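Student: Provided herewith is a single structure, encoded as structure tokens, for subsequent inquiry.
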Amino acid sequence: MNREGPTSLMPETARRVLQAYLLGMVDFETAVAFQRRLVYHVAGERSTAALILCEHPPLITVGRHGSRRQILAEPEQLRARQWRVRWVNRGGGCWLHLPGQLAIYPVLALDSLGLGLEAYLERLQGLLSAVLEDFGIRSQTRPDQPGLWVGPRLIAGIGVAVRDWVTYYGAVLNVHPDLEPFRLVRCGGSQDGLMTSLARERRAPLRPALVRERLLEHFVRAFGFERTALFSDHPSLSRKTSTDALPTHP
């Protein structure tokens with residue numbers, strides 16, 4: 001693991017370096033604040049980039065294309081399950097975040113990569129598809145519905161935000177969450193509410209740490225990074241637990 005201090009994103013003249021943060025379970029508000037901090041750094045040093053991989057405790061986020069109608073749970077059910085509803089400025093519709101779902105937040109300067117927003121979304125979708133193929137899972141896309149499906153079931157949702165051509169938010173990938181709660185939320189572009197996961201489709205033992213490793217490999221390859229600095233924490237993160245629900249080691 002690289003031992004550079006993660007307090008800032010330092011440019012490297014010879015090689016493009018990705019700072020990857022493997023954070024385990026992180027409160028959603030903490031993750032949003034951390035993304036804002038990274039966006040500020042990348043906006044000032046556009047040759048730098050970061051990737052956050054984490055999970056969130058249960059909550060619902062509603063993107064720019066979502067609405068309250070996609071949340072089928074009654075207010076009493078939301079209170080009983082302690083599900084907060086958070087309106088956010090990313091693309092996409094409703095996402096139900098649960099343990100076992102990997103949140104993927106790239107912070108990239110699109111102009112430094114020579115990418116427009118559409119090309120970025122296609123590349124992000126493509127690398128997620130490649131990760132699924134590594135585990136023997138063939139996925140499909142749907143026109144005007146960001147995400148990946150396995151048959152009729154949604155397995156990954158995509159929704160990004162851009163500020164000064166720097167990306168944040170990104171995607172969620174169902175690794176091994178409990179699928180039963182998804183019946184209460186129409187996630188992403190799913191109109192029928194059917195959801196699936198890597199664990200369900202693979203029907204074989206699955207190491208979540210390997211999923212994260214493969215995703216990082218495909219991400220580095222897709223965006224042309226020559227070196228990766230790995231971090232498991234950051235001074236700005238106010239997490240009270242070191243529990244890593246997607247452990248770095250098996």
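Ordering of the structure tokens sets the chain letters (A, B, ...), residue numbers begin anew at 1 in every chain, and ligands are numbered from 1 in the order given.
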Show me, as a ChimeraX atom specification, the residues that have an atom within 9 Å of region 205-222 of chain A when counting only C-alpha atoms, minus same-chain residues fewer than 3 positions from it.

Tutor: /A:18,20,22,51,53,100,102,123-124,126-128,130-132,134-135,175-176,198-199,202,225-228,245-250

Student: Generate a file of the selected residues that holds N, CA and C atoms, formatted as a JSON list (two decimals), in the first residue's frame.

Tutor:
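And here's result.json as it stands now:
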```
[["chain", "number", "residue", "atom", "x", "y", "z"],
["A", 18, "LEU", "N", -4.04, 7.45, -9.52],
["A", 18, "LEU", "CA", -5.37, 7.38, -8.94],
["A", 18, "LEU", "C", -5.25, 7.12, -7.45],
["A", 20, "ALA", "N", -7.19, 5.73, -4.53],
["A", 20, "ALA", "CA", -8.37, 4.88, -4.31],
["A", 20, "ALA", "C", -8.58, 4.71, -2.81],
["A", 22, "LEU", "N", -10.62, 2.72, -0.07],
["A", 22, "LEU", "CA", -11.40, 1.52, 0.22],
["A", 22, "LEU", "C", -11.89, 1.65, 1.65],
["A", 51, "LEU", "N", -11.02, 7.73, -6.35],
["A", 51, "LEU", "CA", -12.13, 6.77, -6.42],
["A", 51, "LEU", "C", -12.45, 6.33, -5.00],
["A", 53, "LEU", "N", -14.66, 3.69, -2.79],
["A", 53, "LEU", "CA", -15.45, 2.46, -2.76],
["A", 53, "LEU", "C", -15.88, 2.23, -1.32],
["A", 100, "GLY", "N", -23.85, -4.63, 1.82],
["A", 100, "GLY", "CA", -23.70, -5.63, 0.77],
["A", 100, "GLY", "C", -23.80, -5.03, -0.62],
["A", 102, "LEU", "N", -22.15, -2.17, -3.10],
["A", 102, "LEU", "CA", -20.93, -1.38, -3.23],
["A", 102, "LEU", "C", -21.25, -0.05, -3.89],
["A", 123, "ARG", "N", -18.30, 4.70, -20.54],
["A", 123, "ARG", "CA", -17.11, 4.02, -20.03],
["A", 123, "ARG", "C", -17.35, 3.44, -18.64],
["A", 124, "LEU", "N", -18.07, 4.18, -17.81],
["A", 124, "LEU", "CA", -18.40, 3.68, -16.48],
["A", 124, "LEU", "C", -19.28, 2.44, -16.58],
["A", 126, "GLY", "N", -19.43, 0.42, -19.10],
["A", 126, "GLY", "CA", -18.64, -0.65, -19.68],
["A", 126, "GLY", "C", -17.75, -1.35, -18.68],
["A", 127, "LEU", "N", -17.14, -0.60, -17.78],
["A", 127, "LEU", "CA", -16.25, -1.25, -16.81],
["A", 127, "LEU", "C", -17.05, -2.07, -15.79],
["A", 128, "LEU", "N", -18.26, -1.61, -15.46],
["A", 128, "LEU", "CA", -19.10, -2.41, -14.58],
["A", 128, "LEU", "C", -19.52, -3.71, -15.25],
["A", 130, "ALA", "N", -17.76, -5.26, -17.45],
["A", 130, "ALA", "CA", -16.57, -6.11, -17.46],
["A", 130, "ALA", "C", -16.36, -6.80, -16.12],
["A", 131, "VAL", "N", -16.65, -6.10, -15.04],
["A", 131, "VAL", "CA", -16.55, -6.72, -13.72],
["A", 131, "VAL", "C", -17.51, -7.90, -13.61],
["A", 132, "LEU", "N", -18.74, -7.71, -14.06],
["A", 132, "LEU", "CA", -19.71, -8.79, -14.01],
["A", 132, "LEU", "C", -19.26, -9.98, -14.86],
["A", 134, "ASP", "N", -16.29, -10.91, -15.39],
["A", 134, "ASP", "CA", -15.23, -11.62, -14.66],
["A", 134, "ASP", "C", -15.81, -12.72, -13.77],
["A", 135, "PHE", "N", -17.06, -12.54, -13.37],
["A", 135, "PHE", "CA", -17.72, -13.52, -12.50],
["A", 135, "PHE", "C", -18.74, -14.36, -13.27],
["A", 175, "VAL", "N", -23.67, -6.47, -4.61],
["A", 175, "VAL", "CA", -22.77, -7.60, -4.45],
["A", 175, "VAL", "C", -23.49, -8.73, -3.72],
["A", 176, "HIS", "N", -23.92, -8.49, -2.49],
["A", 176, "HIS", "CA", -24.67, -9.52, -1.76],
["A", 176, "HIS", "C", -25.64, -8.90, -0.75],
["A", 198, "LEU", "N", -24.76, -9.98, -7.50],
["A", 198, "LEU", "CA", -23.70, -10.89, -7.92],
["A", 198, "LEU", "C", -23.85, -12.24, -7.24],
["A", 199, "ALA", "N", -24.11, -12.23, -5.95],
["A", 199, "ALA", "CA", -24.23, -13.49, -5.21],
["A", 199, "ALA", "C", -25.38, -14.33, -5.75],
["A", 202, "ARG", "N", -24.39, -15.57, -9.44],
["A", 202, "ARG", "CA", -23.22, -16.46, -9.52],
["A", 202, "ARG", "C", -23.54, -17.85, -8.99],
["A", 225, "PHE", "N", -5.01, 5.07, -15.84],
["A", 225, "PHE", "CA", -4.11, 5.42, -14.76],
["A", 225, "PHE", "C", -2.91, 4.48, -14.76],
["A", 226, "GLU", "N", -1.75, 5.04, -14.46],
["A", 226, "GLU", "CA", -0.51, 4.25, -14.50],
["A", 226, "GLU", "C", -0.07, 3.78, -13.13],
["A", 227, "ARG", "N", -0.62, 4.38, -12.08],
["A", 227, "ARG", "CA", -0.29, 3.96, -10.73],
["A", 227, "ARG", "C", -1.48, 4.21, -9.83],
["A", 228, "THR", "N", -1.65, 3.36, -8.82],
["A", 228, "THR", "CA", -2.75, 3.48, -7.88],
["A", 228, "THR", "C", -2.21, 3.55, -6.46],
["A", 245, "ALA", "N", -17.32, -4.04, 5.85],
["A", 245, "ALA", "CA", -18.25, -5.08, 5.40],
["A", 245, "ALA", "C", -17.83, -5.72, 4.09],
["A", 246, "LEU", "N", -16.97, -5.04, 3.33],
["A", 246, "LEU", "CA", -16.34, -5.64, 2.15],
["A", 246, "LEU", "C", -14.84, -5.67, 2.44],
["A", 247, "PRO", "N", -14.34, -6.65, 3.17],
["A", 247, "PRO", "CA", -12.99, -6.62, 3.69],
["A", 247, "PRO", "C", -11.94, -6.62, 2.61],
["A", 248, "THR", "N", -10.80, -5.95, 2.93],
["A", 248, "THR", "CA", -9.69, -5.92, 1.98],
["A", 248, "THR", "C", -9.08, -7.30, 1.82],
["A", 249, "HIS", "N", -9.10, -8.07, 2.89],
["A", 249, "HIS", "CA", -8.52, -9.42, 2.83],
["A", 249, "HIS", "C", -9.63, -10.44, 3.10],
["A", 250, "PRO", "N", -9.53, -11.63, 2.49],
["A", 250, "PRO", "CA", -10.55, -12.66, 2.70],
["A", 250, "PRO", "C", -10.57, -13.15, 4.14]]
```

Student: According to DSSP computed on the backbone, where in region 119-215 of chain A is there strand (DSSP E)? Give the residues as a ChimeraX atom specification.

Tutor: /A:140-142,145-150,153-163,166-174

Student: What are the DSSP alpha helix (DSSP H) residues of region 58-214 of chain A, as an mmCIF file with C-alpha atoms, in the first residue's frame?

Tutor:
```cif
data_model
loop_
_atom_site.group_PDB
_atom_site.id
_atom_site.type_symbol
_atom_site.label_atom_id
_atom_site.label_comp_id
_atom_site.auth_asym_id
_atom_site.auth_seq_id
_atom_site.Cartn_x
_atom_site.Cartn_y
_atom_site.Cartn_z
ATOM 1 C CA PRO A 75 -44.155 6.598 6.101
ATOM 2 C CA GLU A 76 -44.785 4.176 8.968
ATOM 3 C CA GLN A 77 -42.689 1.515 7.228
ATOM 4 C CA LEU A 78 -39.872 3.983 6.621
ATOM 5 C CA ARG A 79 -39.860 4.918 10.295
ATOM 6 C CA ALA A 80 -40.005 1.292 11.408
ATOM 7 C CA ARG A 81 -37.038 0.390 9.217
ATOM 8 C CA LEU A 110 -13.446 14.979 -17.543
ATOM 9 C CA ASP A 111 -11.630 17.638 -19.554
ATOM 10 C CA SER A 112 -8.242 16.246 -18.535
ATOM 11 C CA LEU A 113 -9.411 12.835 -19.782
ATOM 12 C CA LEU A 117 -20.455 13.329 -20.088
ATOM 13 C CA GLU A 118 -22.006 10.762 -22.432
ATOM 14 C CA ALA A 119 -18.648 9.121 -23.135
ATOM 15 C CA TYR A 120 -17.896 9.026 -19.411
ATOM 16 C CA LEU A 121 -21.202 7.315 -18.647
ATOM 17 C CA GLU A 122 -20.570 4.753 -21.388
ATOM 18 C CA ARG A 123 -17.105 4.022 -20.028
ATOM 19 C CA LEU A 124 -18.400 3.683 -16.480
ATOM 20 C CA GLN A 125 -21.143 1.346 -17.645
ATOM 21 C CA GLY A 126 -18.645 -0.654 -19.684
ATOM 22 C CA LEU A 127 -16.250 -1.253 -16.812
ATOM 23 C CA LEU A 128 -19.101 -2.413 -14.578
ATOM 24 C CA SER A 129 -20.158 -4.833 -17.289
ATOM 25 C CA ALA A 130 -16.566 -6.111 -17.464
ATOM 26 C CA VAL A 131 -16.552 -6.724 -13.716
ATOM 27 C CA LEU A 132 -19.714 -8.795 -14.009
ATOM 28 C CA GLU A 133 -18.219 -10.782 -16.887
ATOM 29 C CA ASP A 134 -15.234 -11.623 -14.659
ATOM 30 C CA LEU A 198 -23.696 -10.892 -7.918
ATOM 31 C CA ALA A 199 -24.228 -13.487 -5.213
ATOM 32 C CA ARG A 200 -27.664 -14.441 -6.580
ATOM 33 C CA GLU A 201 -26.508 -14.720 -10.187
ATOM 34 C CA ARG A 202 -23.224 -16.458 -9.519
ATOM 35 C CA PRO A 208 -16.600 -9.418 -1.863
ATOM 36 C CA ALA A 209 -12.974 -8.263 -1.585
ATOM 37 C CA LEU A 210 -12.313 -9.858 -4.981
ATOM 38 C CA VAL A 211 -15.215 -7.903 -6.494
ATOM 39 C CA ARG A 212 -13.673 -4.683 -5.254
ATOM 40 C CA GLU A 213 -10.253 -5.718 -6.532
ATOM 41 C CA ARG A 214 -11.574 -6.495 -10.006
#
```

Student: List the spatial neighbours of Gly193 (chain A) as a PDB file with N, CA and C atoms, in the first residue's frame - criterion: any atom at most 8 Å away, only C-alpha atoms, same-chain residues fewer than 4 positions off excluded.

Tutor:
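So the final result, stored in out.pdb, reads:
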```pdb
ATOM      1  N   ARG A 153     -33.816  -8.209 -14.299  1.00  0.00           N
ATOM      2  CA  ARG A 153     -33.465  -7.724 -12.967  1.00  0.00           C
ATOM      3  C   ARG A 153     -32.303  -6.728 -13.008  1.00  0.00           C
ATOM      4  N   PHE A 182     -35.851  -4.468  -1.415  1.00  0.00           N
ATOM      5  CA  PHE A 182     -35.980  -3.724  -2.667  1.00  0.00           C
ATOM      6  C   PHE A 182     -37.413  -3.727  -3.206  1.00  0.00           C
ATOM      7  N   ARG A 183     -38.256  -4.596  -2.694  1.00  0.00           N
ATOM      8  CA  ARG A 183     -39.643  -4.603  -3.160  1.00  0.00           C
ATOM      9  C   ARG A 183     -40.366  -3.321  -2.750  1.00  0.00           C
ATOM     10  N   VAL A 185     -38.985  -0.249  -3.006  1.00  0.00           N
ATOM     11  CA  VAL A 185     -38.445   0.901  -3.737  1.00  0.00           C
ATOM     12  C   VAL A 185     -38.226   0.508  -5.191  1.00  0.00           C
ATOM     13  N   ARG A 186     -38.672   1.332  -6.119  1.00  0.00           N
ATOM     14  CA  ARG A 186     -38.386   1.128  -7.535  1.00  0.00           C
ATOM     15  C   ARG A 186     -37.047   1.794  -7.822  1.00  0.00           C
ATOM     16  N   CYS A 187     -35.992   0.992  -7.846  1.00  0.00           N
ATOM     17  CA  CYS A 187     -34.637   1.537  -7.918  1.00  0.00           C
ATOM     18  C   CYS A 187     -34.206   1.829  -9.352  1.00  0.00           C
TER      19      CYS A 187
END
```

Student: Show me, as a list in words, the residues that have an atom within 9 Å of Pro146 (chain A) when counting only C-alpha atoms, minus same-chain residues fewer than 5 positions from it.

Tutor: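 Skipping anything fewer than 5 positions along the chain leaves Gly91, Gly92, Leu121, Gln125, Thr141, Ala156, Gly157, Ile158, Gly159, Gly188 and Gly189 of chain A.
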
Student: Interatomic distance between CA of Ala50 (chain A) and CA of Val62 (chain A)?

Tutor: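 Those two atoms sit 23.9 Å apart.
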
Student: Could you tell me how far CA of Arg138 (chain A) sits from CA of Ala161 (chain A), in Å to one decimal place?

Tutor: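 Atom-to-atom, CA of Ala161 (chain A) to CA of Arg138 (chain A), that is 27.2 Å.
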
Student: Using CA of Thr167 (chain A) and CA of Arg16 (chain A) as the two end points, give the distance in Å to one decimal.

Tutor: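 These two atoms are separated by 16.9 Å.
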
Student: Residues at most 7 Å from Tyr168 (chain A), counting only C-alpha atoms, excluding those fewer than 3 positions away in the same chain, as a PyMOL selection string?

Tutor: chain A and resi 35+105-107+160-162

Student: Any chance you can output those residues with N, CA and C atoms as a tab-separated table (two decimals), in the first residue's frame?

Tutor:
```
chain	number	residue	atom	x	y	z
A	35	GLN	N	-16.61	13.50	-0.73
A	35	GLN	CA	-16.60	13.74	-2.17
A	35	GLN	C	-16.42	15.22	-2.48
A	105	TYR	N	-17.77	5.85	-6.25
A	105	TYR	CA	-17.79	7.29	-6.44
A	105	TYR	C	-16.48	7.77	-7.06
A	106	PRO	N	-16.41	7.89	-8.39
A	106	PRO	CA	-15.21	8.44	-9.04
A	106	PRO	C	-15.23	9.97	-8.99
A	107	VAL	N	-14.07	10.56	-8.73
A	107	VAL	CA	-13.89	12.01	-8.78
A	107	VAL	C	-12.82	12.28	-9.83
A	160	VAL	N	-24.70	10.17	-11.95
A	160	VAL	CA	-23.53	11.00	-11.66
A	160	VAL	C	-23.94	12.46	-11.53
A	161	ALA	N	-23.05	13.23	-10.95
A	161	ALA	CA	-23.15	14.68	-10.90
A	161	ALA	C	-21.81	15.24	-11.37
A	162	VAL	N	-21.84	16.45	-11.90
A	162	VAL	CA	-20.63	17.08	-12.42
A	162	VAL	C	-20.61	18.54	-11.96
```

Student: Kindly indicate which residue among A:Arg64, A:Arg46, A:His56, A:Arg142 lies nearest to Asp164 (chain A), using only C-alpha atoms for the distances.

Tutor: A:Arg46

Student: Nearest to Arg86 (chain A): which of A:Glu29, A:Gly116, A:Gln140, A:Ile104 is it, counting only C-alpha atoms?

Tutor: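 Of the candidates, the smallest distance to Arg86 (chain A) is held by A:Glu29.
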
Student: Give the answer as one residue: which of A:Gly44, A:Pro235, A:Gly114, A:Pro58 has the shortest atom-to-atom distance to Trp95 (chain A), using only C-alpha atoms?

Tutor: A:Pro58
